[in-house]
$ cat model05.json   # JSON, C-alpha atoms
[["chain", "number", "residue", "atom", "x", "y", "z"],
["P", 2, "MET", "CA", 6.13, -22.54, 11.41],
["P", 3, "GLY", "CA", 9.47, -21.96, 13.09],
["P", 4, "GLY", "CA", 9.76, -20.17, 16.42],
["P", 5, "ARG", "CA", 6.83, -18.05, 17.51],
["P", 6, "VAL", "CA", 6.83, -14.63, 15.88],
["P", 7, "ASP", "CA", 5.49, -11.56, 17.68],
["P", 8, "GLU", "CA", 5.12, -7.84, 16.96],
["P", 9, "SER", "CA", 8.58, -7.01, 18.32],
["P", 10, "CYS", "CA", 10.04, -8.31, 15.03],
["P", 11, "VAL", "CA", 8.91, -5.12, 13.26],
["P", 12, "LEU", "CA", 10.20, -2.65, 15.88],
["P", 13, "THR", "CA", 13.65, -2.37, 14.31],
["P", 14, "GLU", "CA", 15.87, 0.36, 15.77],
["P", 15, "GLY", "CA", 17.11, 3.16, 13.54],
["P", 16, "PRO", "CA", 17.12, 6.94, 13.16],
["P", 17, "TRP", "CA", 13.31, 6.86, 13.52],
["P", 18, "LYS", "CA", 11.10, 6.83, 16.63],
["P", 19, "HIS", "CA", 8.45, 4.15, 17.11],
["P", 20, "ARG", "CA", 5.09, 5.41, 18.36],
["P", 21, "PHE", "CA", 1.61, 4.03, 18.89],
["P", 22, "VAL", "CA", -1.17, 6.39, 17.85],
["P", 23, "GLY", "CA", -4.92, 5.99, 18.28],
["P", 24, "ALA", "CA", -7.00, 6.83, 15.19],
["P", 25, "ASN", "CA", -10.41, 5.80, 13.85],
["P", 26, "GLY", "CA", -10.98, 3.44, 16.79],
["P", 27, "SER", "CA", -7.73, 1.48, 16.42],
["P", 28, "ARG", "CA", -4.13, 1.75, 17.57],
["P", 29, "PHE", "CA", -1.52, 2.15, 14.85],
["P", 30, "HIS", "CA", 2.21, 1.62, 14.90],
["P", 31, "VAL", "CA", 4.05, 4.57, 13.33],
["P", 32, "ALA", "CA", 7.78, 4.95, 12.66],
["P", 33, "GLU", "CA", 8.66, 8.61, 12.20],
["P", 34, "VAL", "CA", 11.69, 10.76, 11.58],
["P", 35, "GLY", "CA", 12.35, 14.42, 10.79],
["P", 36, "THR", "CA", 10.43, 17.66, 11.19],
["P", 37, "GLY", "CA", 8.49, 19.76, 8.70],
["P", 38, "PRO", "CA", 5.39, 19.13, 6.59],
["P", 39, "LEU", "CA", 4.03, 15.60, 7.12],
["P", 40, "VAL", "CA", 4.56, 12.87, 4.53],
["P", 41, "LEU", "CA", 2.62, 9.70, 5.40],
["P", 42, "PHE", "CA", 3.83, 6.43, 3.85],
["P", 43, "LEU", "CA", 1.50, 3.47, 3.27],
["P", 44, "HIS", "CA", 2.97, 0.06, 2.47],
["P", 45, "GLY", "CA", 1.33, -2.59, 0.31],
["P", 46, "PHE", "CA", 0.79, -6.34, 0.51],
["P", 47, "PRO", "CA", 2.65, -8.40, 1.76],
["P", 48, "GLU", "CA", 4.80, -5.71, 3.38],
["P", 49, "PHE", "CA", 4.85, -3.58, 6.55],
["P", 50, "TRP", "CA", 6.23, -0.13, 7.46],
["P", 51, "TRP", "CA", 9.82, -1.26, 6.74],
["P", 52, "ALA", "CA", 8.98, -0.93, 3.02],
["P", 53, "TRP", "CA", 9.86, 2.77, 3.46],
["P", 54, "HIS", "CA", 12.74, 2.70, 5.97],
["P", 55, "ASP", "CA", 15.29, 3.89, 3.42],
["P", 56, "ILE", "CA", 13.18, 6.44, 1.52],
["P", 57, "MET", "CA", 11.60, 7.97, 4.66],
["P", 58, "VAL", "CA", 15.01, 8.89, 6.10],
["P", 59, "ARG", "CA", 16.01, 10.59, 2.84],
["P", 60, "VAL", "CA", 12.70, 12.48, 2.72],
["P", 61, "ALA", "CA", 13.23, 13.57, 6.34],
["P", 62, "ASP", "CA", 16.76, 14.76, 5.48],
["P", 63, "ALA", "CA", 15.18, 16.98, 2.81],
["P", 64, "GLY", "CA", 13.16, 18.86, 5.44],
["P", 65, "PHE", "CA", 10.00, 16.83, 5.99],
["P", 66, "ARG", "CA", 8.38, 14.85, 8.80],
["P", 67, "ALA", "CA", 8.26, 11.31, 7.41],
["P", 68, "ALA", "CA", 5.94, 8.79, 9.05],
["P", 69, "ALA", "CA", 5.56, 5.18, 7.88],
["P", 70, "ILE", "CA", 2.67, 3.23, 9.35],
["P", 71, "ASP", "CA", 1.72, -0.39, 9.67],
["P", 72, "LEU", "CA", -1.71, -0.53, 8.02],
["P", 73, "ARG", "CA", -4.65, -1.85, 10.04],
["P", 74, "GLY", "CA", -4.01, -5.57, 10.57],
["P", 75, "TYR", "CA", -0.28, -5.50, 9.76],
["P", 76, "GLY", "CA", 2.95, -5.38, 11.77],
["P", 77, "ALA", "CA", 2.51, -3.89, 15.23],
["P", 78, "SER", "CA", -0.79, -2.11, 14.49],
["P", 79, "ASP", "CA", -4.09, -3.39, 15.91],
["P", 80, "LYS", "CA", -5.65, -6.41, 14.21],
["P", 81, "PRO", "CA", -9.39, -6.00, 14.70],
["P", 82, "PRO", "CA", -11.61, -8.65, 13.09],
["P", 83, "ARG", "CA", -13.25, -6.09, 10.79],
["P", 84, "GLY", "CA", -12.70, -2.72, 9.15],
["P", 85, "TYR", "CA", -10.87, -3.88, 6.01],
["P", 86, "ASP", "CA", -13.22, -2.09, 3.62],
["P", 87, "GLY", "CA", -12.19, 0.83, 1.45],
["P", 88, "TYR", "CA", -14.05, 3.43, 3.53],
["P", 89, "THR", "CA", -12.59, 2.42, 6.89],
["P", 90, "MET", "CA", -9.02, 2.13, 5.62],
["P", 91, "ALA", "CA", -9.27, 5.55, 3.94],
["P", 92, "ALA", "CA", -10.56, 6.96, 7.24],
["P", 93, "ASP", "CA", -7.62, 5.28, 9.06],
["P", 94, "VAL", "CA", -5.27, 7.42, 6.96],
["P", 95, "THR", "CA", -7.05, 10.71, 7.53],
["P", 96, "GLY", "CA", -7.59, 9.88, 11.22],
["P", 97, "LEU", "CA", -3.84, 9.31, 11.54],
["P", 98, "ILE", "CA", -3.03, 12.65, 9.89],
["P", 99, "ARG", "CA", -5.17, 14.36, 12.56],
["P", 100, "ALA", "CA", -3.86, 12.16, 15.37],
["P", 101, "LEU", "CA", -0.29, 13.12, 14.38],
["P", 102, "GLY", "CA", -1.34, 16.74, 14.96],
["P", 103, "GLU", "CA", -1.47, 17.85, 11.33],
["P", 104, "ARG", "CA", -4.22, 19.46, 9.26],
["P", 105, "SER", "CA", -3.11, 17.76, 6.07],
["P", 106, "ALA", "CA", -0.31, 15.61, 4.67],
["P", 107, "THR", "CA", 1.18, 14.27, 1.49],
["P", 108, "VAL", "CA", 0.24, 10.59, 1.20],
["P", 109, "VAL", "CA", 2.62, 8.15, -0.52],
["P", 110, "GLY", "CA", 1.19, 4.67, -1.08],
["P", 111, "ALA", "CA", 2.51, 1.52, -2.77],
["P", 112, "GLY", "CA", 0.40, -1.37, -4.04],
["P", 113, "ALA", "CA", -2.56, -1.90, -1.69],
["P", 114, "GLY", "CA", -1.40, 1.25, 0.16],
["P", 115, "GLY", "CA", -1.68, 3.13, -3.13],
["P", 116, "MET", "CA", -5.30, 1.97, -3.50],
["P", 117, "ILE", "CA", -6.00, 3.30, 0.01],
["P", 118, "GLY", "CA", -4.24, 6.54, -0.98],
["P", 119, "TRP", "CA", -6.57, 6.93, -3.98],
["P", 120, "ALA", "CA", -9.61, 6.45, -1.72],
["P", 121, "ALA", "CA", -8.31, 8.81, 1.01],
["P", 122, "ALA", "CA", -7.65, 11.56, -1.57],
["P", 123, "SER", "CA", -11.06, 11.03, -3.13],
["P", 124, "PHE", "CA", -13.09, 10.94, 0.11],
["P", 125, "HIS", "CA", -11.08, 13.45, 2.20],
["P", 126, "PRO", "CA", -9.42, 15.94, -0.20],
["P", 127, "LYS", "CA", -8.95, 18.60, 2.49],
["P", 128, "LEU", "CA", -6.67, 16.30, 4.49],
["P", 129, "VAL", "CA", -4.55, 14.99, 1.59],
["P", 130, "ASN", "CA", -2.66, 17.85, -0.06],
["P", 131, "ARG", "CA", -0.70, 15.68, -2.52],
["P", 132, "LEU", "CA", -0.71, 12.03, -3.49],
["P", 133, "VAL", "CA", 2.06, 9.78, -4.80],
["P", 134, "VAL", "CA", 0.92, 6.33, -5.95],
["P", 135, "LEU", "CA", 3.31, 3.47, -6.80],
["P", 136, "GLY", "CA", 2.21, 0.25, -8.49],
["P", 137, "ALA", "CA", -1.51, 0.87, -7.95],
["P", 138, "ALA", "CA", -4.28, 1.61, -10.42],
["P", 139, "HIS", "CA", -7.20, 3.81, -9.44],
["P", 140, "PRO", "CA", -9.71, 1.35, -7.86],
["P", 141, "LEU", "CA", -12.21, 1.88, -10.68],
["P", 142, "ARG", "CA", -9.56, 1.22, -13.34],
["P", 143, "LEU", "CA", -8.66, -2.03, -11.60],
["P", 144, "ARG", "CA", -12.30, -3.02, -11.30],
["P", 145, "ALA", "CA", -12.93, -2.33, -14.99],
["P", 146, "ALA", "CA", -9.80, -4.22, -16.08],
["P", 147, "LEU", "CA", -10.79, -7.34, -14.12],
["P", 148, "PHE", "CA", -13.95, -7.50, -16.25],
["P", 149, "ALA", "CA", -12.61, -6.17, -19.54],
["P", 150, "ASP", "CA", -9.14, -7.76, -19.72],
["P", 151, "PRO", "CA", -9.54, -11.46, -18.80],
["P", 152, "ARG", "CA", -6.24, -12.54, -20.37],
["P", 153, "GLY", "CA", -4.39, -9.61, -18.83],
["P", 154, "GLN", "CA", -5.38, -8.19, -15.45],
["P", 155, "LEU", "CA", -7.79, -10.96, -14.48],
["P", 156, "SER", "CA", -5.16, -13.64, -15.03],
["P", 157, "ALA", "CA", -2.52, -11.42, -13.31],
["P", 158, "SER", "CA", -4.88, -11.28, -10.31],
["P", 159, "ALA", "CA", -5.41, -15.08, -10.17],
["P", 160, "THR", "CA", -3.37, -15.43, -6.97],
["P", 161, "VAL", "CA", -5.23, -12.63, -5.26],
["P", 162, "LEU", "CA", -8.53, -14.23, -6.26],
["P", 163, "ARG", "CA", -7.39, -17.38, -4.44],
["P", 164, "PHE", "CA", -7.36, -15.26, -1.27],
["P", 165, "GLN", "CA", -11.16, -15.60, -1.27],
["P", 166, "VAL", "CA", -10.83, -19.24, -0.19],
["P", 167, "PRO", "CA", -11.78, -19.53, 3.51],
["P", 168, "ARG", "CA", -8.80, -20.04, 5.84],
["P", 169, "PHE", "CA", -6.35, -19.32, 3.01],
["P", 170, "GLU", "CA", -4.27, -17.45, 5.63],
["P", 171, "HIS", "CA", -2.96, -20.87, 6.72],
["P", 172, "VAL", "CA", -1.67, -21.44, 3.19],
["P", 173, "LEU", "CA", -0.06, -17.98, 3.23],
["P", 174, "THR", "CA", 1.86, -18.63, 6.46],
["P", 175, "ARG", "CA", 2.79, -22.28, 5.83],
["P", 176, "ASP", "CA", 6.50, -23.18, 5.68],
["P", 177, "ASN", "CA", 7.68, -19.91, 7.19],
["P", 178, "ALA", "CA", 5.33, -17.96, 4.88],
["P", 179, "ALA", "CA", 6.96, -19.40, 1.76],
["P", 180, "LEU", "CA", 4.08, -18.17, -0.41],
["P", 181, "VAL", "CA", 4.86, -14.56, 0.55],
["P", 182, "GLY", "CA", 8.35, -15.04, -0.90],
["P", 183, "GLU", "CA", 6.92, -16.66, -4.04],
["P", 184, "LEU", "CA", 4.48, -13.80, -4.65],
["P", 185, "MET", "CA", 7.16, -11.18, -4.13],
["P", 186, "THR", "CA", 9.43, -13.01, -6.59],
["P", 187, "GLN", "CA", 6.62, -13.21, -9.13],
["P", 188, "TRP", "CA", 5.77, -9.49, -8.84],
["P", 189, "SER", "CA", 9.35, -8.13, -8.84],
["P", 190, "SER", "CA", 11.66, -7.48, -11.77],
["P", 191, "PRO", "CA", 14.02, -10.42, -12.43],
["P", 192, "ARG", "CA", 17.02, -8.23, -11.62],
["P", 193, "PHE", "CA", 15.67, -7.26, -8.18],
["P", 194, "ALA", "CA", 14.50, -10.80, -7.42],
["P", 195, "ALA", "CA", 18.08, -12.04, -7.94],
["P", 196, "SER", "CA", 19.62, -9.44, -5.58],
["P", 197, "PRO", "CA", 20.78, -9.85, -1.95],
["P", 198, "GLU", "CA", 18.55, -6.87, -1.01],
["P", 199, "PHE", "CA", 15.54, -8.82, -2.20],
["P", 200, "ALA", "CA", 16.46, -11.88, -0.13],
["P", 201, "GLU", "CA", 16.83, -9.74, 2.99],
["P", 202, "TYR", "CA", 13.60, -7.84, 2.34],
["P", 203, "THR", "CA", 11.45, -10.90, 1.65],
["P", 204, "ALA", "CA", 12.78, -12.56, 4.82],
["P", 205, "ARG", "CA", 11.49, -9.59, 6.83],
["P", 206, "CYS", "CA", 8.11, -9.58, 5.08],
["P", 207, "ARG", "CA", 7.72, -13.34, 5.57],
["P", 208, "GLU", "CA", 8.46, -12.97, 9.27],
["P", 209, "ALA", "CA", 6.03, -10.06, 9.73],
["P", 210, "MET", "CA", 3.24, -12.00, 7.99],
["P", 211, "GLN", "CA", 3.58, -14.69, 10.67],
["P", 212, "ILE", "CA", 2.63, -12.28, 13.48],
["P", 213, "PRO", "CA", -0.60, -13.77, 14.89],
["P", 214, "GLN", "CA", -3.69, -12.59, 12.93],
["P", 215, "ALA", "CA", -1.65, -10.55, 10.40],
["P", 216, "SER", "CA", -2.25, -12.98, 7.53],
["P", 217, "PHE", "CA", -6.00, -13.11, 8.20],
["P", 218, "CYS", "CA", -6.23, -9.30, 8.30],
["P", 219, "ALA", "CA", -4.13, -8.86, 5.16],
["P", 220, "LEU", "CA", -6.44, -11.17, 3.21],
["P", 221, "GLU", "CA", -9.63, -9.58, 4.58],
["P", 222, "ALA", "CA", -8.99, -6.39, 2.57],
["P", 223, "TYR", "CA", -8.82, -8.45, -0.64],
["P", 224, "ARG", "CA", -11.92, -10.39, 0.40],
["P", 225, "TRP", "CA", -13.81, -7.14, 0.88],
["P", 226, "VAL", "CA", -12.93, -6.03, -2.65],
["P", 227, "ALA", "CA", -14.34, -9.26, -4.12],
["P", 228, "ARG", "CA", -17.39, -9.43, -1.83],
["P", 229, "SER", "CA", -18.26, -5.75, -2.24],
["P", 230, "ALA", "CA", -18.42, -6.10, -6.03],
["P", 231, "LEU", "CA", -21.77, -7.86, -5.46],
["P", 232, "ARG", "CA", -23.09, -5.71, -2.60],
["P", 233, "LEU", "CA", -24.70, -2.36, -2.01],
["P", 234, "GLN", "CA", -21.73, -1.16, 0.04],
["P", 235, "GLY", "CA", -19.47, -1.82, -2.93],
["P", 236, "TYR", "CA", -21.85, 0.01, -5.25],
["P", 237, "ARG", "CA", -21.75, 3.05, -2.93],
["P", 238, "PHE", "CA", -17.94, 2.88, -2.86],
["P", 239, "VAL", "CA", -17.86, 2.88, -6.68],
["P", 240, "LYS", "CA", -20.28, 5.83, -6.84],
["P", 241, "LEU", "CA", -18.12, 7.83, -4.43],
["P", 242, "MET", "CA", -14.90, 6.95, -6.25],
["P", 243, "GLN", "CA", -16.41, 8.20, -9.52],
["P", 244, "ARG", "CA", -16.10, 11.77, -8.24],
["P", 245, "PRO", "CA", -12.78, 12.97, -9.67],
["P", 246, "SER", "CA", -10.01, 13.67, -7.16],
["P", 247, "SER", "CA", -8.98, 17.28, -6.62],
["P", 248, "VAL", "CA", -5.61, 16.25, -5.13],
["P", 249, "PRO", "CA", -2.42, 16.72, -7.24],
["P", 250, "THR", "CA", -1.34, 13.16, -8.05],
["P", 251, "LEU", "CA", 1.91, 11.60, -9.23],
["P", 252, "GLN", "CA", 1.59, 8.01, -10.42],
["P", 253, "LEU", "CA", 4.72, 5.86, -10.81],
["P", 254, "HIS", "CA", 4.46, 2.38, -12.28],
["P", 255, "GLY", "CA", 6.98, -0.34, -13.05],
["P", 256, "GLU", "CA", 7.09, -1.42, -16.67],
["P", 257, "LEU", "CA", 7.49, -5.05, -15.53],
["P", 258, "ASP", "CA", 4.77, -4.99, -12.84],
["P", 259, "THR", "CA", 2.94, -8.33, -13.10],
["P", 260, "ALA", "CA", 0.59, -7.70, -10.14],
["P", 261, "VAL", "CA", -1.03, -4.53, -11.53],
["P", 262, "LEU", "CA", -0.37, -4.36, -15.25],
["P", 263, "PRO", "CA", 0.80, -0.99, -16.60],
["P", 264, "ARG", "CA", -2.12, -0.95, -19.04],
["P", 265, "THR", "CA", -4.53, -1.33, -16.11],
["P", 266, "ALA", "CA", -2.99, 1.58, -14.20],
["P", 267, "GLN", "CA", -2.44, 3.88, -17.15],
["P", 268, "GLY", "CA", -5.94, 5.39, -17.50],
["P", 269, "SER", "CA", -6.14, 6.43, -13.83],
["P", 270, "GLY", "CA", -5.55, 10.10, -14.62],
["P", 271, "ARG", "CA", -9.12, 10.43, -15.90],
["P", 272, "TYR", "CA", -10.19, 10.40, -12.23],
["P", 273, "VAL", "CA", -8.01, 13.39, -11.31],
["P", 274, "THR", "CA", -8.97, 17.01, -12.04],
["P", 275, "ALA", "CA", -5.88, 18.43, -10.29],
["P", 276, "PRO", "CA", -2.33, 18.38, -11.74],
["P", 277, "TYR", "CA", -1.51, 14.76, -12.61],
["P", 278, "GLU", "CA", 1.60, 13.00, -13.89],
["P", 279, "TRP", "CA", 2.11, 9.42, -15.04],
["P", 280, "ARG", "CA", 5.59, 7.88, -15.20],
["P", 281, "LEU", "CA", 6.37, 4.39, -16.41],
["P", 282, "ILE", "CA", 9.62, 3.18, -14.85],
["P", 283, "PRO", "CA", 11.67, 0.94, -17.17],
["P", 284, "GLU", "CA", 12.94, -2.44, -15.92],
["P", 285, "ALA", "CA", 11.09, -2.17, -12.59],
["P", 286, "GLY", "CA", 8.40, -4.45, -11.17],
["P", 287, "HIS", "CA", 5.73, -4.00, -8.50],
["P", 288, "PHE", "CA", 7.97, -2.96, -5.57],
["P", 289, "LEU", "CA", 9.34, 0.29, -7.03],
["P", 290, "HIS", "CA", 10.23, 1.73, -3.62],
["P", 291, "GLN", "CA", 12.56, -1.23, -3.07],
["P", 292, "GLU", "CA", 13.74, -1.74, -6.64],
["P", 293, "THR", "CA", 14.57, 1.87, -7.55],
["P", 294, "PRO", "CA", 14.72, 3.80, -4.23],
["P", 295, "ASP", "CA", 16.91, 6.62, -5.61],
["P", 296, "MET", "CA", 14.52, 7.34, -8.46],
["P", 297, "VAL", "CA", 11.44, 7.07, -6.21],
["P", 298, "THR", "CA", 12.95, 9.37, -3.57],
["P", 299, "GLY", "CA", 13.83, 11.93, -6.25],
["P", 300, "GLU", "CA", 10.31, 11.80, -7.69],
["P", 301, "ILE", "CA", 8.65, 12.15, -4.27],
["P", 302, "LEU", "CA", 10.81, 15.17, -3.40],
["P", 303, "ARG", "CA", 10.18, 16.74, -6.79],
["P", 304, "TRP", "CA", 6.42, 16.33, -6.33],
["P", 305, "LEU", "CA", 6.57, 17.72, -2.78],
["P", 306, "LYS", "CA", 8.35, 20.83, -4.03],
["P", 307, "THR", "CA", 6.29, 21.41, -7.21],
["P", 308, "PRO", "CA", 3.94, 24.36, -6.65],
["P", 309, "SER", "CA", 0.39, 22.94, -6.79]]
$ encode --input "model05.json" --output "structure tokens"
Amino acid sequence: MGGRVDESCVLTEGPWKHRFVGANGSRFHVAEVGTGPLVLFLHGFPEFWWAWHDIMVRVADAGFRAAAIDLRGYGASDKPPRGYDGYTMAADVTGLIRALGERSATVVGAGAGGMIGWAAASFHPKLVNRLVVLGAAHPLRLRAALFADPRGQLSASATVLRFQVPRFEHVLTRDNAALVGELMTQWSSPRFAASPEFAEYTARCREAMQIPQASFCALEAYRWVARSALRLQGYRFVKLMQRPSSVPTLQLHGELDTAVLPRTAQGSGRYVTAPYEWRLIPEAGHFLHQETPDMVTGEILRWLKTPS
């Protein structure tokens, strides 16, 4: 590893304010801008709040209070040794909505953050008034595809399954977190992966993953998913997730997403009883919010303004 990295590397100045907010027994770093109804942004792996820095400002300009968090274990948020299960991370989200002084919020989640968004909407529908999910299947769709589609989703998830190896976090952070860059290249559209924006973005994500403990925490969430498949806690999670969501949900997915295949994500609407829309985005990969920010911003604002 190069020079020592610390949490200050994610506290980039901009039109937003940085705050630390206590929720669900942990302290979270939140970047927020604007006033109005709350829109809470959840990044995915291997990202941090910066995933949304462009879109959140545009959403704020449209009359909303936009808040992007570092998930538990990432960026400048607390990195407790446990709490990376689906229940706790869903409760982090709803705890943050309350801690930010709101009764409910629209939740926008990408990748792993989208999975947490699905769980938060399912477990706490009174606190999530709308959901926008990018590049994330409903957790039960993903689970089913891992078993039913060995050549497709199971092989697409091969890297993530390697995260189960003990101490794999040292592999993730080796050589200035080179593997983070490789995964992001693999999961992005070729056009985005060849762009200067991509080079700048991956450099930030690689740096943030080298914050002490961040790599361990990031992998723990994936380890829980695999471990829980064989445990009672996982069975209970599945039972709870089988209750359809009553939260209006917009699902955007990149046609070229190689992390979560479009065919895995596509049946997620069966778990939503509220208004639901599915949009497949041509020529985009897993990081839609970075690859097509104009389109994603437009879709978020449209969904925010659609009468539910």
$ residues_around --input "model05.json" --residues "Leu220 in chain P" --least-positions-apart "3" --cutoff "10 Å" --atoms "all atoms listed in the file" --output "NGL selection string"
:P and (46-47 or 74 or 85 or 161 or 163-170 or 173 or 215-217 or 223-225)
$ residues_around --input "model05.json" --residues "Ala122 in chain P" --least-positions-apart "3" --cutoff "8 Å" --atoms "all atoms listed in the file" --output "VMD selection string"
chain P and resid 118 to 119 125 to 126 128 to 129 132 246 to 248
$ residues_around --input "model05.json" --residues "Thr203 in chain P" --least-positions-apart "6" --cutoff "8 Å" --atoms "only C-alpha atoms" --output "list of chain:residue names"
P:Val181, P:Gly182, P:Met185
$ residues_around --input "model05.json" --residues "Ala194 in chain P" --least-positions-apart "2" --cutoff "12 Å" --atoms "all atoms listed in the file" --output "list in words"
Gly182, Glu183, Leu184, Met185, Thr186, Gln187, Trp188, Ser189, Ser190, Pro191, Arg192, Ser196, Pro197, Glu198, Phe199, Ala200, Glu201, Tyr202, Thr203, Ala285, Gly286, His287, Phe288, Gln291 and Glu292 of chain P
$ residues_around --input "model05.json" --residues "Ala111 in chain P" --least-positions-apart "6" --cutoff "9 Å" --atoms "only C-alpha atoms" --output "JSON, numbers by chain"
{"P": [42, 43, 44, 45, 46, 118, 133, 134, 135, 136, 137, 287, 288, 289, 290]}
$ residues_near_point --input "model05.json" --point "(-2.4, 4.6, -12.4)" --cutoff "10 Å" --atoms "only C-alpha atoms" --output "mmCIF file with C-alpha atoms, keeping the file's coordinate frame"
data_model
loop_
_atom_site.group_PDB
_atom_site.id
_atom_site.type_symbol
_atom_site.label_atom_id
_atom_site.label_comp_id
_atom_site.auth_asym_id
_atom_site.auth_seq_id
_atom_site.Cartn_x
_atom_site.Cartn_y
_atom_site.Cartn_z
ATOM 1 C CA GLY P 115 -1.680 3.130 -3.130
ATOM 2 C CA MET P 116 -5.300 1.970 -3.500
ATOM 3 C CA TRP P 119 -6.570 6.930 -3.980
ATOM 4 C CA VAL P 134 0.920 6.330 -5.950
ATOM 5 C CA LEU P 135 3.310 3.470 -6.800
ATOM 6 C CA GLY P 136 2.210 0.250 -8.490
ATOM 7 C CA ALA P 137 -1.510 0.870 -7.950
ATOM 8 C CA ALA P 138 -4.280 1.610 -10.420
ATOM 9 C CA HIS P 139 -7.200 3.810 -9.440
ATOM 10 C CA PRO P 140 -9.710 1.350 -7.860
ATOM 11 C CA ARG P 142 -9.560 1.220 -13.340
ATOM 12 C CA LEU P 143 -8.660 -2.030 -11.600
ATOM 13 C CA THR P 250 -1.340 13.160 -8.050
ATOM 14 C CA LEU P 251 1.910 11.600 -9.230
ATOM 15 C CA GLN P 252 1.590 8.010 -10.420
ATOM 16 C CA LEU P 253 4.720 5.860 -10.810
ATOM 17 C CA HIS P 254 4.460 2.380 -12.280
ATOM 18 C CA VAL P 261 -1.030 -4.530 -11.530
ATOM 19 C CA LEU P 262 -0.370 -4.360 -15.250
ATOM 20 C CA PRO P 263 0.800 -0.990 -16.600
ATOM 21 C CA ARG P 264 -2.120 -0.950 -19.040
ATOM 22 C CA THR P 265 -4.530 -1.330 -16.110
ATOM 23 C CA ALA P 266 -2.990 1.580 -14.200
ATOM 24 C CA GLN P 267 -2.440 3.880 -17.150
ATOM 25 C CA GLY P 268 -5.940 5.390 -17.500
ATOM 26 C CA SER P 269 -6.140 6.430 -13.830
ATOM 27 C CA GLY P 270 -5.550 10.100 -14.620
ATOM 28 C CA ARG P 271 -9.120 10.430 -15.900
ATOM 29 C CA TYR P 272 -10.190 10.400 -12.230
ATOM 30 C CA GLU P 278 1.600 13.000 -13.890
ATOM 31 C CA TRP P 279 2.110 9.420 -15.040
ATOM 32 C CA ARG P 280 5.590 7.880 -15.200
ATOM 33 C CA LEU P 281 6.370 4.390 -16.410
#
$ closest_atom_pairs --input "model05.json" --of "range 81-102 of chain P" --to "range 16-22 of chain P" --cutoff "12 Å" --atoms "all atoms listed in the file" --output "CSV"
residue,atom,partner,partner_atom,distance
P:Asp93,CA,P:Val22,CA,11.0
P:Val94,CA,P:Val22,CA,11.7
P:Gly96,CA,P:Val22,CA,9.9
P:Leu97,CA,P:Val22,CA,7.4
P:Ile98,CA,P:Val22,CA,10.3
P:Arg99,CA,P:Val22,CA,10.4
P:Ala100,CA,P:Val22,CA,6.8
P:Leu101,CA,P:Val22,CA,7.6
P:Gly102,CA,P:Val22,CA,10.7
$ atom_distance --input "model05.json" --atom1 "CA of Gly112 in chain P" --atom2 "CA of Phe65 in chain P"
22.9 Å
$ atom_distance --input "model05.json" --atom1 "CA of Ser105 in chain P" --atom2 "CA of Asn130 in chain P"
6.1 Å
$ closest_residue --input "model05.json" --among "P:Thr95, P:Thr36, P:Ser123, P:Ser78" --to "Val58 in chain P" --atoms "only C-alpha atoms"
P:Thr36
$ atom_distance --input "model05.json" --atom1 "CA of Arg303 in chain P" --atom2 "CA of Thr13 in chain P"
28.7 Å
